[in-house]
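Colleague: The structure's right below; bear with me while I get my questions together.
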Amino acid sequence: MASSLFFTHSHCYSSSTSSSYLVSRLHRQLGVAPTSLRLSSSHVVNVAAMAMDSSAKVIDGKAVAKQIRDEITAEVSRMREATGVIPGLAVILVGDRKDSATYVRNKKKACESVGINSLEANLPEDSTEEEVLNYISGYNDDPSVHGILVQLPLPSHMNEQNILNAVRIEKDVDGFHPLNIGRLAMRGRDPLFVPCTPKGCIELLHRYNISIKGKRAVVIGRSNIVGMPAALLLQREDATVSIVHSRTSNPEEIIRQADIIISAVGKANMVRGSWIKPGAVIIDVGINPVDDPHSPRGYKLVGDVCYEEAIKVASAVTPVPGGVGPMTIAMLLQNTLISAKRVHNFE
Ligand SMILES: Nc1nc(=O)c2c([nH]1)NC[C@@H]1CN(c3ccc(C(=O)N[C@@H](CCC(=O)O)C(=O)O)cc3)C=[N+]21
């Protein structure tokens, strides 16, 4: 019995990680006392309860994203037939990070699949900020471009703020411009664009008929591109929102109160089954590589949340991959379409 319980947990340790290493790593990441991370008797009770109910629903982001791409395809052709306008997205990639190149390639493929034009600028790692700004201003002035995305992260010698501020707010399909974020935060105002990843999270909840109003939501992580805007969006949807971050004391206690958890920290399997309230809904934004000798690539991708544990205690969980990731790209296409419709007054 005891060994099978332990086995359940061991799924969520990456193969090279010992449990004591994990505990001290968590301790550092979340700033909690090590005692609070010990496997307590209540943890064991939770695991037992989890074993009785393994009926959690998998939230299929890949399928929902496909459905949204089909809707966008229809809208793009309706617009083209009525106005002759084809929405266009320009992507600026600086440097040759492998992951960034993959993301950009996927975005381009997604554009093609729905009939959106895609333009791409590939600049060398050692480009100057001015060169990037020149591309942005070219796209700002190009009427065939309705959305501009500067792939992040930028090389460290560039000032991300200067560059993101240069994107015309009408073409800011990432929703990263401070004026867009400011409007997102204010009651009675609306941003021109909502950031893609948080928008994808909320869209998944809507499409699965998961109500947000009046619920307790916890966002784990406070980044400008995911955590912070996700918290603002949940609040706009009338949730009561807490944000847990690396300086939060007793994060588990706060997370355990949540009906809805959005995790965006980037730490593999950090959120354990015992941190989750039975019946909670989990949206896992993390995409973390961990060693996997069984995979041809030598690694596999896992979320921030220990999936094998979460699926037993939650009512619905997004997988990684196949959860939020595909939704991010679908929302980028949607924002590009929205932008093109707006400039051409097409409803
Ligand atoms: N300006 C900017 N805007 C972004 O939106 C942006 C960015 N920079 N920099 C990097 C992050 C990351 N990101 C992802 C998009 C799609 C998947 C995705 O589709 N993932 C799939 C496939 C995963 C795989 O197998 O590689 C999945 O989760 O199923 C993942 C990650 C957008 N980002």
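Each chain in the structure tokens gets a letter, A, B and so on, in the order shown; residues start at 1 in every chain, and ligands are counted from 1 in the order they appear.
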Around ligand 1, which protein and nucleic acid residues have at least one atom no more than 10 Å from it, if we count only C-alpha atoms and all ligand atoms? List them as a ChimeraX atom specification.
Modeller: /A:60-62,65,91-93,99-104,106-107,110,148-154,164,172-176,195-198,225-226,284-289,300-303,318-332
Colleague: At most 8 Å is the cut-off: for each residue in range 166-230 of chain A with any atom that close to an atom of range 134-144 of chain A, write down the nearest atom pair and the distance in Å rounded to one decimal, counting only C-alpha atoms, chain first then increasing number, as a tab-separated table.
Modeller:
```
residue	atom	partner	partner_atom	distance
A:Ala166	CA	A:Ile136	CA	6.9
A:Val167	CA	A:Ile136	CA	6.3
A:Arg168	CA	A:Asn140	CA	6.0
A:Lys171	CA	A:Asn140	CA	7.4
```
Colleague: Write out the residues from the selection above, keeping N, CA and C atoms, as a tab-separated table (two decimals), in the first residue's frame.
Modeller:
```
chain	number	residue	atom	x	y	z
A	166	ALA	N	7.06	50.26	-29.52
A	166	ALA	CA	7.09	50.79	-30.88
A	166	ALA	C	6.00	50.21	-31.77
A	167	VAL	N	5.44	49.07	-31.36
A	167	VAL	CA	4.38	48.45	-32.16
A	167	VAL	C	3.11	49.32	-32.06
A	168	ARG	N	2.58	49.71	-33.22
A	168	ARG	CA	1.33	50.50	-33.21
A	168	ARG	C	0.25	49.75	-32.46
A	171	LYS	N	-2.05	47.42	-34.06
A	171	LYS	CA	-1.51	46.17	-34.62
A	171	LYS	C	-0.91	45.27	-33.55
```
Colleague: At a cut-off of 12 Å, using only C-alpha atoms, what residues contact Leu232 in chain A? Leave out same-chain residues fewer than 2 positions from it and give the result as JSON, numbers by chain.
Modeller: {"A": [180, 181, 182, 183, 184, 185, 186, 187, 190, 191, 194, 195, 198, 199, 202, 217, 218, 219, 222, 224, 225, 226, 227, 228, 229, 230, 234, 235, 236, 237, 238, 239, 240, 241, 242, 243]}
Colleague: Can I get the selected residues back with C-alpha atoms, as a PDB file, in the first residue's frame?
Modeller:
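See result_38.pdb below for the written result:
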```pdb
ATOM      1  CA  ASN A 180      -3.676  47.655 -23.888  1.00  0.00           C
ATOM      2  CA  ILE A 181      -2.701  46.238 -20.484  1.00  0.00           C
ATOM      3  CA  GLY A 182      -3.855  49.417 -18.751  1.00  0.00           C
ATOM      4  CA  ARG A 183      -7.249  49.248 -20.412  1.00  0.00           C
ATOM      5  CA  LEU A 184      -7.500  45.547 -19.524  1.00  0.00           C
ATOM      6  CA  ALA A 185      -7.015  46.499 -15.883  1.00  0.00           C
ATOM      7  CA  MET A 186      -9.659  49.249 -15.821  1.00  0.00           C
ATOM      8  CA  ARG A 187     -13.348  48.793 -15.267  1.00  0.00           C
ATOM      9  CA  ASP A 190     -11.685  47.627 -23.197  1.00  0.00           C
ATOM     10  CA  PRO A 191      -8.282  46.848 -24.658  1.00  0.00           C
ATOM     11  CA  VAL A 194      -6.234  40.686 -25.094  1.00  0.00           C
ATOM     12  CA  PRO A 195      -2.903  38.784 -24.708  1.00  0.00           C
ATOM     13  CA  PRO A 198      -4.511  34.269 -21.046  1.00  0.00           C
ATOM     14  CA  LYS A 199      -7.277  34.753 -23.602  1.00  0.00           C
ATOM     15  CA  ILE A 202     -10.474  31.854 -20.552  1.00  0.00           C
ATOM     16  CA  ALA A 217      -9.430  31.650  -8.779  1.00  0.00           C
ATOM     17  CA  VAL A 218      -5.718  31.421  -8.107  1.00  0.00           C
ATOM     18  CA  VAL A 219      -3.127  32.437 -10.665  1.00  0.00           C
ATOM     19  CA  ARG A 222       2.903  37.090 -12.136  1.00  0.00           C
ATOM     20  CA  ASN A 224       3.615  40.438 -17.761  1.00  0.00           C
ATOM     21  CA  ILE A 225       2.690  38.098 -20.593  1.00  0.00           C
ATOM     22  CA  VAL A 226       0.660  35.449 -18.767  1.00  0.00           C
ATOM     23  CA  GLY A 227       0.124  35.603 -14.985  1.00  0.00           C
ATOM     24  CA  MET A 228      -0.754  39.270 -14.610  1.00  0.00           C
ATOM     25  CA  PRO A 229      -3.119  39.545 -17.605  1.00  0.00           C
ATOM     26  CA  ALA A 230      -4.690  36.160 -16.703  1.00  0.00           C
ATOM     27  CA  LEU A 234     -10.442  36.372 -14.430  1.00  0.00           C
ATOM     28  CA  GLN A 235     -11.371  39.448 -12.421  1.00  0.00           C
ATOM     29  CA  ARG A 236     -13.219  40.901 -15.422  1.00  0.00           C
ATOM     30  CA  GLU A 237     -15.133  37.601 -15.514  1.00  0.00           C
ATOM     31  CA  ASP A 238     -16.200  38.235 -11.878  1.00  0.00           C
ATOM     32  CA  ALA A 239     -13.923  35.689 -10.200  1.00  0.00           C
ATOM     33  CA  THR A 240     -12.296  36.485  -6.853  1.00  0.00           C
ATOM     34  CA  VAL A 241      -8.631  36.331  -7.718  1.00  0.00           C
ATOM     35  CA  SER A 242      -5.456  35.622  -5.752  1.00  0.00           C
ATOM     36  CA  ILE A 243      -2.006  35.710  -7.256  1.00  0.00           C
TER      37      ILE A 243
END
```
Colleague: In Å, how far is it from CA of Asp304 in chain A to CA of Arg216 in chain A?
Modeller: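 Spanning CA of Asp304 in chain A to CA of Arg216 in chain A is a straight-line distance of 19.6 Å.
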Colleague: Find the residue from A:Ile68, A:Ala268, A:Met158, A:Leu333 that sits nearest to Cys306 in chain A; use only C-alpha atoms when measuring.
Modeller: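 Checking each candidate against Cys306 in chain A, we get A:Ala268 as the closest.
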Colleague: Can you list, as a list in words, every residue of range 151-332 of chain A that DSSP puts in strand (DSSP E)?
Modeller: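 Residues meeting the strand (DSSP E) criterion: Arg216, Ala217, Val218, Val219, Ile220, Thr240, Val241, Ser242, Ile243, Val244, Ile260, Ile261, Ile262, Ser263, Val281, Ile282, Ile283, Asp284, Asn288, Pro289, Val290, Asp291, Tyr299, Lys300, Leu301, Val302, Ala316 and Val317 of chain A.
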Colleague: Rank nothing, just name the residue among A:Asn209, A:Glu309, A:Ile116, A:Arg105 nearest to Glu75 in chain A, using only C-alpha atoms.
Modeller: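 Looking only at the distances to Glu75 in chain A, the closest residue turns out to be A:Ile116.
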Colleague: For range 249-260 of chain A, list every protein, DNA or RNA residue within 6 Å, evaluated using only C-alpha atoms, and leave out those in the same chain fewer than 4 positions away; present the list as a ChimeraX atom specification.
Modeller: /A:32,216-218,275-277,280-282
Colleague: Rank nothing, just name the residue among A:Arg80, A:Arg189, A:His294, A:Lys215 nearest to Leu337 in chain A, using only C-alpha atoms.
Modeller: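 For Leu337 in chain A, the nearest of the candidates is A:Arg80.
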Colleague: CA of Phe193 in chain A and CA of Pro178 in chain A, how far apart in Å?
Modeller: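 Computing it gives 11.3 Å between the two atoms.
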Colleague: From a DSSP pass on the backbone, collect the residues of range 132-310 of chain A flagged as helix (DSSP H, G or I) and hand them back as a ChimeraX atom specification.
Modeller: /A:132-141,160-166,169-171,178-185,196-207,227-236,251-255,273-275,307-310
Colleague: Distance CA of Ala56 in chain A-CA of Glu203 in chain A, one decimal place?
Modeller: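 We find that CA of Ala56 in chain A and CA of Glu203 in chain A lie 19.0 Å from each other.
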Colleague: Residues near Ser77 in chain A, anyone? I mean within 9 Å using only C-alpha atoms, not counting same-chain ones fewer than 5 positions away, as a PyMOL selection string.
Modeller: chain A and resi 72+82+86+114-115
Colleague: Suppose we keep C-alpha atoms; can you now write the selection as a short mmCIF file (atom, residue, chain, number, x, y, z; two decimals), in the first residue's frame?
Modeller:
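The resulting file, part-v5.cif, is reproduced below:
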```
data_model
loop_
_atom_site.label_atom_id
_atom_site.label_comp_id
_atom_site.auth_asym_id
_atom_site.auth_seq_id
_atom_site.Cartn_x
_atom_site.Cartn_y
_atom_site.Cartn_z
CA ILE A 72 -11.51 31.73 -38.37
CA ALA A 82 -16.93 40.84 -49.30
CA ILE A 86 -6.81 39.31 -46.57
CA VAL A 114 -6.73 29.65 -42.03
CA GLY A 115 -5.88 31.82 -45.06
#
```
